[in-house]
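Remarks on the structure that follows.
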Amino acid sequence: MKTEHVRAGKQLGRRRFLALLGGLGAAGAAYPLLPRDRRPRELSLREADFYRPHDHAG
Amino acid sequence: MTAVACELCPRRCVIPEGGAGDCRIRVNLGGKLRATTYGRPSAIHIDPMEKKPLFHFHPGTSVFSIATAGCNLHCLNCQNWQLSQRGGEEMEQIYRADPPEVVKAAKEQGCESLAYTYSDPVVFYEYVYDTSEIARREGLNNTYHSAGYINPKPLRRLSRLLDASNTDLKAFDDGFYRRVTGATLQPVLDTLVTLRQEGVWLEVTNLVIPTLNDDLAMIRRMAGWMRDELGPDTPLHLSRFQPQYRMRNLPPTPVEALDRARREALDVGLHYVYIGNVPGHEANSTYCPSDGTLLIRRVGFMVVENKLTAEGCCPTCKQRIPGVWK
């Protein structure tokens with residue numbers, strides 16, 4: 001087999017790219033685990049649109 | 001640690017401190033039973049009265065309709081599951097609306113009636129009760145759309161404040177109730193009889209689901225029970241099922257099946273049998289049981305023509321048509 005020699009500068013660029021890719025993946029995987037405020041949004045009655053179409057039965 | 005027993009519905013949940021009942025919204029806080037959605041509706045809309053459906057009660061008027069999260073039934077086919085099968089804290093939004101504000105808003109919008117609907121108003125009972133008291137004082141009507149799974153004592157207390165109710169009779173079969181809704185039949189039948197005894201204008205809805213409750217013999221038994229216990233003038237709404245929530249494996253009810261069920265209920269002796277969720281069907285309309293005159297023509301939820309006399313009678317034969325017409 002022929003050994004492939006990669007230039008040092010190109011190798012560094014590839015490592016940086018792979019590190020960035022890994023970081024993005026880890027951040028994406030951790031995002032749903034972040035604590036978030038899941039409380040319902042509280043609105044006053046004045047903010048209600050009583051005539052908004054809806055599909056509630058009854 | 002003090003557990004509390006909720007006496008509101010036949011489930012009679014015993015709730016440990018910090019816990020919630022089956023409905024998700026009735027909780028034990030420090031040994032006291034609280035409804036977490038009191039004054040916190042998640043749905044507020046102005047609908048036509050015909051949408052409830054109430055066809056013999058103030059036809060063609062608007063009704064200010066509210067609901068909070070939670071339900072004491074868990075129907076596999078629930079159309080409002082995003083509202084009913086969640087606790088208040090799981091909703092995306094809630095409104096701050098104490099009873100006086102609800103009544104004030106309804107009046108400002110020109111509504112003659114309020115409706116407690118969409119999820120099951122049984123679980124937000126105290127909110128319904130307090131709002132109904134104020135609405136009654138202010139001259140508004142209280143209407144109530146429920147599955148009727150409530151104990152007799154709280155129902156009788158609330159009935160004094162109710163003007164009309166559409167109550168679901170989901171099937172005339174206890175096995176269906178247990179499998180599909182998680183409830184039982186007898187308490188619902190008791191509710192219907194109680195509402196009738198208390199003088200609340202009553203209409204009944206039966207959602208016809210293919211293969212589960214569309215058996216004509218069952219429809220006949222149900223209609224016969226209604227005729228004998230509630231009276232032949234009690235309107236029955238046979239509604240078309242649409243695949244929803246956890247019951248997406250069944251097709252929508254064929255219109256022919258609804259027609260057959262309607263004929264069966266009319267044969268048994270009910271005078272007013274409607275077909276719902278099929279806009280434009282002739283059985284959206286009201287006919288005189290004596291001479292067949294078209295009295296109120298509806299297309300879907302819209303009243304297109306109302307020929308009833310001022311006294312609520314058929315213009316042709318003068319027979320009085322039961323209902324609350326104004």
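Residue names in the structure tokens use chain letters A, B, ... in the order shown, residue numbers from 1 in each chain, and ligand numbers from 1 in the order shown.
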
List as a compact mmCIF listing (two decimals) with C-alpha atoms, in the first residue's frame the protein and nucleic acid residues near B:Arg320, meaning an atom at most 10 Å away when only C-alpha atoms are counted, but skip any in the same chain fewer than 5 places from it.
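Generated output (selection.txt):
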# COMPACT_ATOMS: atom_id res chain seq x y z
CA CYS B 288 -92.41 19.18 12.85
CA LEU B 308 -91.29 28.78 14.20
CA THR B 309 -94.00 31.11 15.43
CA GLU B 311 -94.72 30.99 20.64
CA GLY B 312 -92.40 28.23 19.35
CA CYS B 313 -95.10 26.44 17.34
CA CYS B 314 -95.25 24.85 13.92
CA PRO B 315 -96.73 27.50 11.56

**Test item: residues at most 7 Å from stretch 49-54 of chain A, only C-alpha atoms, excluding those fewer than 6 positions along its chain, as a list in words** =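 These residues fall inside the cut-off: Ile44, His45 and Ile46 of chain B.
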
**Request:** For chain A, list the residues within 7 Å of chain B, counting only C-alpha atoms, and write the list as a ChimeraX atom specification.
**Result:** /A:39-45,50-51,56-58

Expected file: the selected residues, C-alpha atoms, as an mmCIF file, in the first residue's frame:
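And here's out22.cif as it stands now:
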data_model
loop_
_atom_site.group_PDB
_atom_site.id
_atom_site.type_symbol
_atom_site.label_atom_id
_atom_site.label_comp_id
_atom_site.auth_asym_id
_atom_site.auth_seq_id
_atom_site.Cartn_x
_atom_site.Cartn_y
_atom_site.Cartn_z
ATOM 1 C CA ARG A 39 -44.788 27.194 32.250
ATOM 2 C CA PRO A 40 -47.761 28.260 30.139
ATOM 3 C CA ARG A 41 -47.826 31.776 28.798
ATOM 4 C CA GLU A 42 -50.291 33.772 30.923
ATOM 5 C CA LEU A 43 -52.492 36.216 29.065
ATOM 6 C CA SER A 44 -55.145 38.622 30.207
ATOM 7 C CA LEU A 45 -58.664 38.292 28.849
ATOM 8 C CA PHE A 50 -62.674 35.285 20.803
ATOM 9 C CA TYR A 51 -63.411 34.891 17.114
ATOM 10 C CA HIS A 56 -62.469 22.262 19.406
ATOM 11 C CA ALA A 57 -65.510 20.019 19.444
ATOM 12 C CA GLY A 58 -68.462 21.106 21.577
#

**Request:** Report the residues of stretch 157-219 of chain B whose backbone DSSP state falls under alpha helix (DSSP H), written as a ChimeraX atom specification.
**Result:** /B:157-159,174-176,185-197,216-219

**Request:** Give me the residues within 8 Å of B:Leu162 as number ranges by chain, counting only C-alpha atoms and dropping any in the same chain fewer than 4 places off.
**Result:** B: 132, 141-144, 158, 200

**Request:** Would you mind reading off the distance between atom CA of B:Leu294 and atom CA of B:Asp228, one decimal, in Å?
**Result:**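 Spanning atom CA of B:Leu294 to atom CA of B:Asp228 is a straight-line distance of 26.1 Å.
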
**Request:** Please indicate the distance in Å from atom CA of B:Ile150 to atom CA of B:Cys111, rounded to one decimal place.
**Result:**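 Atom-to-atom, atom CA of B:Ile150 to atom CA of B:Cys111, that is 27.6 Å.
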
**Message:** List the spatial neighbours of B:Met222 as a list in words - criterion: any atom at most 7 Å away, only C-alpha atoms, same-chain residues fewer than 4 positions off excluded.
**Reply:**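 The contact residues come out as Phe172, Met218 and Met226 of chain B.
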
**Item:** Contacts of B:Ile134 at 9 Å (only C-alpha atoms; same-chain gap of 5+ positions) as a list in words
**Value:**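 Listed by chain and then number, they are Pro99, Pro100, Val103, Tyr129, Gly139 and Leu140 of chain B.
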
**Message:** Which residues are near B:Asp259? Cut-off 10 Å, only C-alpha atoms, ignore same chain within fewer than 6 positions. Put them as a ChimeraX atom specification.
**Reply:** /B:238,265,274-275,281,283

**Message:** Let's see if you can do this: from backbone DSSP, list all strand (DSSP E or B) residues in stretch 140-200 of chain B, as a list in words.
**Reply:** Asn141, Asn142, Thr143, Tyr144, His145, Ser146, Ala164, Ser165, Asn166, Thr167 and Asp168 of chain B

**Asked** Which residue gives the smallest distance to B:Leu258 among B:Gly87, B:Gly300, B:Pro210, B:Pro243, with only C-alpha atoms counted?
**Response** B:Pro210

I'd like the neighbourhood of B:Pro289 as a PDB file with N, CA and C atoms, in the first residue's frame, where a residue qualifies if any of its atoms comes within 8 Å (using only C-alpha atoms), though same-chain residues fewer than 3 positions away should be ignored.
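What ended up in result19.pdb:
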ATOM      1  N   HIS B 271     -88.673  12.135  18.699  1.00  0.00           N
ATOM      2  CA  HIS B 271     -89.252  13.071  17.736  1.00  0.00           C
ATOM      3  C   HIS B 271     -88.220  13.923  17.006  1.00  0.00           C
ATOM      4  N   TYR B 272     -87.061  14.128  17.647  1.00  0.00           N
ATOM      5  CA  TYR B 272     -86.075  15.039  17.063  1.00  0.00           C
ATOM      6  C   TYR B 272     -84.716  14.347  17.052  1.00  0.00           C
ATOM      7  N   GLY B 292     -94.400  17.158   9.456  1.00  0.00           N
ATOM      8  CA  GLY B 292     -93.171  17.130   8.648  1.00  0.00           C
ATOM      9  C   GLY B 292     -92.721  18.477   8.123  1.00  0.00           C
TER      10      GLY B 292
END

**Item:** One-decimal distance in Å that lies between atom CA of B:Trp225 and atom CA of B:Arg196
**Value:**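 Straight-line distance from atom CA of B:Arg196 to atom CA of B:Trp225 works out to 13.4 Å.
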